[in-house]
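Peer 1: Take this structure first; my questions come after.
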Amino acid sequence: MVTLFYLEGIARIIVDKDEDSPSAEAAINVGGNGKVFGDKIEWRLRNGKPCAVIARVSTDKGSRLVVTSLDKPARPLGRERTNEEARRTADRACDNAGHGSAGAVSTPSIPGLSGPAAGAIRAQIKREELQEPDQVNVFYGDLTGQGTKDAISFVYSPIEGANGMGLSVWVWRDRNGAYELARDASNDIFGQDPRDVQFVPGRISVTTTVLKPGEPRCCPTGTKTFTILDR
């Protein structure tokens, strides 16, 4: 069992209630004014059993992936910036402790990333060096009037060094089944829960949930419809 503990600006990762382990004693200074821990943790496996855990923590140095060994006594392994670095750190420790090959967990799927443009979107996320998205929304339709299956993607990913989420909006053109980035519309739209997306030749309309004046950032209830031109 892993406990993510926070008190008065200090976070700790406690394994199996062992508060005297090196992991539990390793204080993590927390920064920012929002959520301390990410919404999910990732287990790394050795011979089918967890040997390390990765948890996102908002530290005073920015958002970091804190890697912890589960071998007793549990100990901190590192604080990494990217998922790839965190998994490499965890798997290296699992390999060394087990004197064999770690049963690495496959790269988790990104929630909402689907359809024929998924590969192009994933590649663009990597090119932009975005942190692993919490959510992606993809909508398909015809921007040309010629039966193409064009797309628009909304990528919500954590912002490095902050507690908010960034939104990247990309328009994709269907080139005989291959997808080409036609436009970065990230500066033209904001909000959550994109929906009611309509494609017509030359433009896309979409509705999102936005903050009304005076509303807390956690709980927007307003709506706004945007039009994105294919230019």
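Labels for the structure tokens follow display order: chains A, B, ..., residues from 1 in each chain, ligands from 1.
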Skip range 76-86 of chain A itself and residues of its chain fewer than 3 positions away, then list as a list of chain:residue names all residues within 6 Å of it, counting only C-alpha atoms.
Peer 2: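 My reading of the contact set: A:Ser23, A:Arg64, A:Leu65, A:Val66, A:Val67, A:Thr68, A:Thr89.
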Peer 1: Write to file, as a compact mmCIF listing (two decimals), in the first residue's frame, the residues of the selection just made, with N, CA, C and O atoms.
Peer 2:
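File produced: again22.txt:
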# COMPACT_ATOMS: atom_id res chain seq x y z
N SER A 23 12.08 6.46 2.25
CA SER A 23 11.07 7.14 1.44
C SER A 23 10.20 8.05 2.29
O SER A 23 9.96 9.21 1.95
N ARG A 64 6.92 17.41 -10.79
CA ARG A 64 7.92 16.36 -10.94
C ARG A 64 7.27 14.99 -10.76
O ARG A 64 6.29 14.84 -10.03
N LEU A 65 7.85 14.01 -11.42
CA LEU A 65 7.44 12.62 -11.25
C LEU A 65 8.39 11.99 -10.23
O LEU A 65 9.57 11.80 -10.51
N VAL A 66 7.86 11.71 -9.05
CA VAL A 66 8.67 11.17 -7.95
C VAL A 66 8.65 9.65 -8.04
O VAL A 66 7.59 9.03 -8.01
N VAL A 67 9.84 9.07 -8.15
CA VAL A 67 9.98 7.63 -8.31
C VAL A 67 10.42 7.02 -6.98
O VAL A 67 11.38 7.49 -6.36
N THR A 68 9.71 5.98 -6.54
CA THR A 68 9.99 5.36 -5.24
C THR A 68 10.12 3.86 -5.40
O THR A 68 9.27 3.21 -6.03
N THR A 89 14.21 5.35 -14.74
CA THR A 89 14.77 5.31 -13.39
C THR A 89 14.17 4.15 -12.60
O THR A 89 14.89 3.40 -11.92
Peer 1: With 9 Å as the cut-off and only C-alpha atoms counted, what is the closest atom pair between each nearby residue of range 33-100 of chain A and range 9-17 of chain A? Distances in Å to one decimal, ordered by chain and number, as JSON lines.
Peer 2:
{"residue": "A:Val36", "atom": "CA", "partner": "A:Ala11", "partner_atom": "CA", "distance": 7.9}
{"residue": "A:Phe37", "atom": "CA", "partner": "A:Ala11", "partner_atom": "CA", "distance": 8.8}
{"residue": "A:Ala55", "atom": "CA", "partner": "A:Ile13", "partner_atom": "CA", "distance": 8.8}
{"residue": "A:Val57", "atom": "CA", "partner": "A:Ala11", "partner_atom": "CA", "distance": 8.1}
{"residue": "A:Thr59", "atom": "CA", "partner": "A:Ala11", "partner_atom": "CA", "distance": 8.6}
{"residue": "A:Val66", "atom": "CA", "partner": "A:Ile13", "partner_atom": "CA", "distance": 8.9}
{"residue": "A:Thr68", "atom": "CA", "partner": "A:Ile13", "partner_atom": "CA", "distance": 7.9}
{"residue": "A:Leu70", "atom": "CA", "partner": "A:Val15", "partner_atom": "CA", "distance": 7.0}
{"residue": "A:Lys72", "atom": "CA", "partner": "A:Val15", "partner_atom": "CA", "distance": 8.9}
{"residue": "A:Pro73", "atom": "CA", "partner": "A:Val15", "partner_atom": "CA", "distance": 8.7}
{"residue": "A:Ala74", "atom": "CA", "partner": "A:Val15", "partner_atom": "CA", "distance": 6.4}
{"residue": "A:Pro76", "atom": "CA", "partner": "A:Ile13", "partner_atom": "CA", "distance": 8.6}
Peer 1: Can you pull out the residues contacting range 146-161 of chain A? Cut-off 9 Å, using only C-alpha atoms, and skip same-chain residues under 5 positions away; I want them as an mmCIF file with N, CA, C and O atoms, in the first residue's frame.
Peer 2:
data_model
loop_
_atom_site.group_PDB
_atom_site.id
_atom_site.type_symbol
_atom_site.label_atom_id
_atom_site.label_comp_id
_atom_site.auth_asym_id
_atom_site.auth_seq_id
_atom_site.Cartn_x
_atom_site.Cartn_y
_atom_site.Cartn_z
ATOM 1 N N GLY A 31 5.262 23.206 -3.900
ATOM 2 C CA GLY A 31 5.093 24.559 -4.418
ATOM 3 C C GLY A 31 3.714 24.738 -5.016
ATOM 4 O O GLY A 31 2.970 23.783 -5.211
ATOM 5 N N GLY A 32 3.366 25.993 -5.327
ATOM 6 C CA GLY A 32 2.064 26.276 -5.919
ATOM 7 C C GLY A 32 0.967 26.342 -4.880
ATOM 8 O O GLY A 32 1.176 26.079 -3.691
ATOM 9 N N SER A 58 3.515 18.267 -7.102
ATOM 10 C CA SER A 58 3.795 19.676 -7.377
ATOM 11 C C SER A 58 4.838 20.164 -6.379
ATOM 12 O O SER A 58 4.515 20.533 -5.252
ATOM 13 N N THR A 59 6.111 20.146 -6.777
ATOM 14 C CA THR A 59 7.197 20.519 -5.874
ATOM 15 C C THR A 59 7.517 22.006 -6.001
ATOM 16 O O THR A 59 6.994 22.700 -6.875
ATOM 17 N N ASP A 60 8.415 22.473 -5.135
ATOM 18 C CA ASP A 60 8.831 23.874 -5.218
ATOM 19 C C ASP A 60 9.716 24.135 -6.429
ATOM 20 O O ASP A 60 10.051 25.281 -6.722
ATOM 21 N N LYS A 61 10.088 23.087 -7.161
ATOM 22 C CA LYS A 61 10.857 23.216 -8.398
ATOM 23 C C LYS A 61 9.981 23.014 -9.627
ATOM 24 O O LYS A 61 10.475 22.971 -10.750
ATOM 25 N N GLY A 62 8.678 22.864 -9.409
ATOM 26 C CA GLY A 62 7.762 22.579 -10.506
ATOM 27 C C GLY A 62 7.199 21.173 -10.401
ATOM 28 O O GLY A 62 7.508 20.420 -9.474
ATOM 29 N N SER A 63 6.373 20.805 -11.360
ATOM 30 C CA SER A 63 5.776 19.473 -11.363
ATOM 31 C C SER A 63 6.848 18.428 -11.643
ATOM 32 O O SER A 63 7.590 18.534 -12.614
ATOM 33 N N ARG A 64 6.924 17.413 -10.787
ATOM 34 C CA ARG A 64 7.919 16.361 -10.938
ATOM 35 C C ARG A 64 7.271 14.994 -10.757
ATOM 36 O O ARG A 64 6.287 14.843 -10.029
ATOM 37 N N ARG A 81 11.434 14.823 -14.799
ATOM 38 C CA ARG A 81 10.549 15.752 -15.495
ATOM 39 C C ARG A 81 9.592 15.047 -16.455
ATOM 40 O O ARG A 81 8.477 15.514 -16.673
ATOM 41 N N LEU A 113 -7.790 9.664 -26.799
ATOM 42 C CA LEU A 113 -7.040 9.691 -28.057
ATOM 43 C C LEU A 113 -7.436 8.487 -28.899
ATOM 44 O O LEU A 113 -7.103 7.351 -28.568
ATOM 45 N N PRO A 116 -8.322 7.622 -36.638
ATOM 46 C CA PRO A 116 -7.192 7.538 -37.574
ATOM 47 C C PRO A 116 -6.129 8.614 -37.392
ATOM 48 O O PRO A 116 -5.002 8.443 -37.846
ATOM 49 N N ALA A 117 -6.451 9.728 -36.735
ATOM 50 C CA ALA A 117 -5.457 10.791 -36.525
ATOM 51 C C ALA A 117 -4.658 10.600 -35.245
ATOM 52 O O ALA A 117 -3.778 11.409 -34.939
ATOM 53 N N ILE A 121 -1.416 12.833 -33.795
ATOM 54 C CA ILE A 121 -1.594 13.655 -32.591
ATOM 55 C C ILE A 121 -0.555 13.275 -31.542
ATOM 56 O O ILE A 121 0.065 14.138 -30.913
ATOM 57 N N ILE A 125 2.285 15.726 -29.881
ATOM 58 C CA ILE A 125 2.470 15.888 -28.432
ATOM 59 C C ILE A 125 3.945 15.735 -28.079
ATOM 60 O O ILE A 125 4.497 16.501 -27.284
ATOM 61 N N LEU A 130 5.088 18.222 -24.659
ATOM 62 C CA LEU A 130 4.055 18.383 -23.645
ATOM 63 C C LEU A 130 4.174 17.273 -22.612
ATOM 64 O O LEU A 130 4.598 16.158 -22.923
ATOM 65 N N GLN A 131 3.792 17.575 -21.388
ATOM 66 C CA GLN A 131 3.688 16.518 -20.396
ATOM 67 C C GLN A 131 2.523 15.610 -20.768
ATOM 68 O O GLN A 131 1.634 15.990 -21.527
ATOM 69 N N GLU A 132 2.546 14.388 -20.235
ATOM 70 C CA GLU A 132 1.528 13.418 -20.626
ATOM 71 C C GLU A 132 0.132 13.985 -20.393
ATOM 72 O O GLU A 132 -0.211 14.374 -19.275
ATOM 73 N N PRO A 133 -0.684 14.058 -21.441
ATOM 74 C CA PRO A 133 -2.011 14.669 -21.302
ATOM 75 C C PRO A 133 -2.912 13.915 -20.335
ATOM 76 O O PRO A 133 -2.859 12.690 -20.238
ATOM 77 N N ASP A 134 -3.737 14.683 -19.633
ATOM 78 C CA ASP A 134 -4.772 14.078 -18.806
ATOM 79 C C ASP A 134 -5.975 13.678 -19.652
ATOM 80 O O ASP A 134 -6.705 12.755 -19.307
ATOM 81 N N GLN A 135 -6.185 14.405 -20.762
ATOM 82 C CA GLN A 135 -7.345 14.133 -21.598
ATOM 83 C C GLN A 135 -7.102 14.686 -22.995
ATOM 84 O O GLN A 135 -6.503 15.746 -23.159
ATOM 85 N N VAL A 136 -7.562 13.941 -23.994
ATOM 86 C CA VAL A 136 -7.561 14.408 -25.377
ATOM 87 C C VAL A 136 -8.966 14.197 -25.938
ATOM 88 O O VAL A 136 -9.576 13.148 -25.715
ATOM 89 N N ASN A 137 -9.469 15.203 -26.639
ATOM 90 C CA ASN A 137 -10.746 15.077 -27.343
ATOM 91 C C ASN A 137 -10.476 15.242 -28.829
ATOM 92 O O ASN A 137 -9.835 16.216 -29.240
ATOM 93 N N VAL A 138 -10.943 14.293 -29.627
ATOM 94 C CA VAL A 138 -10.730 14.333 -31.072
ATOM 95 C C VAL A 138 -12.082 14.236 -31.770
ATOM 96 O O VAL A 138 -12.903 13.371 -31.437
ATOM 97 N N PHE A 139 -12.297 15.128 -32.740
ATOM 98 C CA PHE A 139 -13.537 15.129 -33.514
ATOM 99 C C PHE A 139 -13.182 15.100 -34.997
ATOM 100 O O PHE A 139 -12.208 15.732 -35.425
ATOM 101 N N TYR A 140 -13.990 14.376 -35.766
ATOM 102 C CA TYR A 140 -13.727 14.209 -37.193
ATOM 103 C C TYR A 140 -14.882 14.776 -38.014
ATOM 104 O O TYR A 140 -16.049 14.718 -37.609
ATOM 105 N N GLY A 141 -14.529 15.318 -39.182
ATOM 106 C CA GLY A 141 -15.535 15.853 -40.088
ATOM 107 C C GLY A 141 -14.884 16.298 -41.386
ATOM 108 O O GLY A 141 -13.665 16.196 -41.559
ATOM 109 N N GLY A 166 -2.795 23.144 -19.498
ATOM 110 C CA GLY A 166 -2.685 23.845 -20.768
ATOM 111 C C GLY A 166 -3.570 23.184 -21.811
ATOM 112 O O GLY A 166 -3.841 21.984 -21.742
ATOM 113 N N LEU A 167 -4.026 23.955 -22.782
ATOM 114 C CA LEU A 167 -4.860 23.433 -23.861
ATOM 115 C C LEU A 167 -4.182 23.709 -25.196
ATOM 116 O O LEU A 167 -3.894 24.861 -25.530
ATOM 117 N N SER A 168 -3.922 22.638 -25.935
ATOM 118 C CA SER A 168 -3.396 22.747 -27.297
ATOM 119 C C SER A 168 -4.490 22.292 -28.261
ATOM 120 O O SER A 168 -5.041 21.199 -28.099
ATOM 121 N N VAL A 169 -4.795 23.131 -29.240
ATOM 122 C CA VAL A 169 -5.849 22.830 -30.211
ATOM 123 C C VAL A 169 -5.222 22.782 -31.598
ATOM 124 O O VAL A 169 -4.648 23.774 -32.061
ATOM 125 N N TRP A 170 -5.333 21.630 -32.249
ATOM 126 C CA TRP A 170 -4.722 21.435 -33.562
ATOM 127 C C TRP A 170 -5.771 20.988 -34.571
ATOM 128 O O TRP A 170 -6.594 20.115 -34.287
ATOM 129 N N VAL A 171 -5.718 21.584 -35.760
ATOM 130 C CA VAL A 171 -6.591 21.197 -36.871
ATOM 131 C C VAL A 171 -5.785 20.328 -37.827
ATOM 132 O O VAL A 171 -4.653 20.672 -38.195
ATOM 133 N N TRP A 172 -6.377 19.204 -38.239
ATOM 134 C CA TRP A 172 -5.679 18.217 -39.064
ATOM 135 C C TRP A 172 -6.403 18.021 -40.387
ATOM 136 O O TRP A 172 -7.627 17.921 -40.419
ATOM 137 N N ARG A 173 -5.621 17.936 -41.479
ATOM 138 C CA ARG A 173 -6.182 17.651 -42.794
ATOM 139 C C ARG A 173 -5.911 16.202 -43.167
ATOM 140 O O ARG A 173 -4.808 15.684 -42.974
ATOM 141 N N ASP A 174 -6.943 15.565 -43.673
ATOM 142 C CA ASP A 174 -6.861 14.176 -44.126
ATOM 143 C C ASP A 174 -6.267 14.156 -45.532
ATOM 144 O O ASP A 174 -6.889 14.627 -46.486
ATOM 145 N N ARG A 175 -5.062 13.615 -45.654
ATOM 146 C CA ARG A 175 -4.381 13.498 -46.946
ATOM 147 C C ARG A 175 -4.347 12.025 -47.341
ATOM 148 O O ARG A 175 -3.361 11.331 -47.133
ATOM 149 N N ASN A 176 -5.470 11.552 -47.848
ATOM 150 C CA ASN A 176 -5.576 10.149 -48.260
ATOM 151 C C ASN A 176 -5.227 9.192 -47.126
ATOM 152 O O ASN A 176 -4.505 8.210 -47.308
ATOM 153 N N GLY A 177 -5.739 9.506 -45.934
ATOM 154 C CA GLY A 177 -5.537 8.631 -44.787
ATOM 155 C C GLY A 177 -4.364 9.002 -43.911
ATOM 156 O O GLY A 177 -4.250 8.502 -42.787
ATOM 157 N N TYR A 179 -2.387 12.105 -41.859
ATOM 158 C CA TYR A 179 -2.855 13.355 -41.258
ATOM 159 C C TYR A 179 -1.737 14.380 -41.172
ATOM 160 O O TYR A 179 -0.641 14.097 -40.684
ATOM 161 N N SER A 186 -4.466 27.027 -30.893
ATOM 162 C CA SER A 186 -4.443 27.064 -29.429
ATOM 163 C C SER A 186 -4.748 28.445 -28.865
ATOM 164 O O SER A 186 -5.262 28.559 -27.742
ATOM 165 N N GLN A 192 -13.294 24.101 -21.228
ATOM 166 C CA GLN A 192 -13.288 22.667 -20.964
ATOM 167 C C GLN A 192 -14.436 21.987 -21.708
ATOM 168 O O GLN A 192 -15.357 22.637 -22.187
ATOM 169 N N PRO A 194 -14.998 20.262 -24.695
ATOM 170 C CA PRO A 194 -15.417 20.637 -26.053
ATOM 171 C C PRO A 194 -16.507 19.700 -26.565
ATOM 172 O O PRO A 194 -16.449 18.491 -26.358
ATOM 173 N N PHE A 199 -18.375 20.580 -38.548
ATOM 174 C CA PHE A 199 -17.468 20.868 -39.658
ATOM 175 C C PHE A 199 -18.297 21.305 -40.861
ATOM 176 O O PHE A 199 -19.275 20.636 -41.230
ATOM 177 N N PRO A 201 -17.327 23.239 -44.903
ATOM 178 C CA PRO A 201 -16.160 23.626 -45.692
ATOM 179 C C PRO A 201 -15.578 24.963 -45.245
ATOM 180 O O PRO A 201 -16.257 25.984 -45.231
ATOM 181 N N ILE A 204 -14.740 25.324 -38.573
ATOM 182 C CA ILE A 204 -15.212 24.401 -37.547
ATOM 183 C C ILE A 204 -15.789 25.234 -36.412
ATOM 184 O O ILE A 204 -15.194 26.238 -36.004
#
Peer 1: Within range 29-197 of chain A, find each residue whose DSSP state, derived from the backbone, is strand (DSSP E or B), and express the selection as a PyMOL selection string.
Peer 2: chain A and resi 29-30+37-46+49-60+62-69+75-80+103+135-141+150-158+165-175+178-184+192-197
Peer 1: Looking at A:Glu215, A:Glu19, A:Asp142, A:Asp184, which one is nearest to Gly202 in chain A, with distances taken over only C-alpha atoms?
Peer 2: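 Smallest distance to Gly202 in chain A is found for A:Asp142.
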Peer 1: Could you check how far CA of Lys224 in chain A sits from CA of Asp193 in chain A, in Å to one decimal?
Peer 2: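 We find that CA of Lys224 in chain A and CA of Asp193 in chain A lie 11.0 Å from each other.
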Peer 1: To one decimal place in Å, what is the distance between CA of Val2 in chain A and CA of Gly38 in chain A?
Peer 2: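 Going from CA of Val2 in chain A over to CA of Gly38 in chain A covers 13.9 Å.
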Peer 1: What gap, in Å, lies between CA of Arg122 in chain A and CA of Ala178 in chain A?
Peer 2: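 Interatomic distance here is 13.6 Å.
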Peer 1: Here is a test: counting only C-alpha atoms, which residue of A:Ala182, A:Ile28, A:Met165, A:Val53 is nearest to Leu229 in chain A?
Peer 2: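 Closest residue, counting only C-alpha atoms: A:Ala182.
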Peer 1: Pick out each residue of range 81-150 of chain A that DSSP on the backbone tags as alpha helix (DSSP H); I need them as a PyMOL selection string.
Peer 2: chain A and resi 83-98+118-127
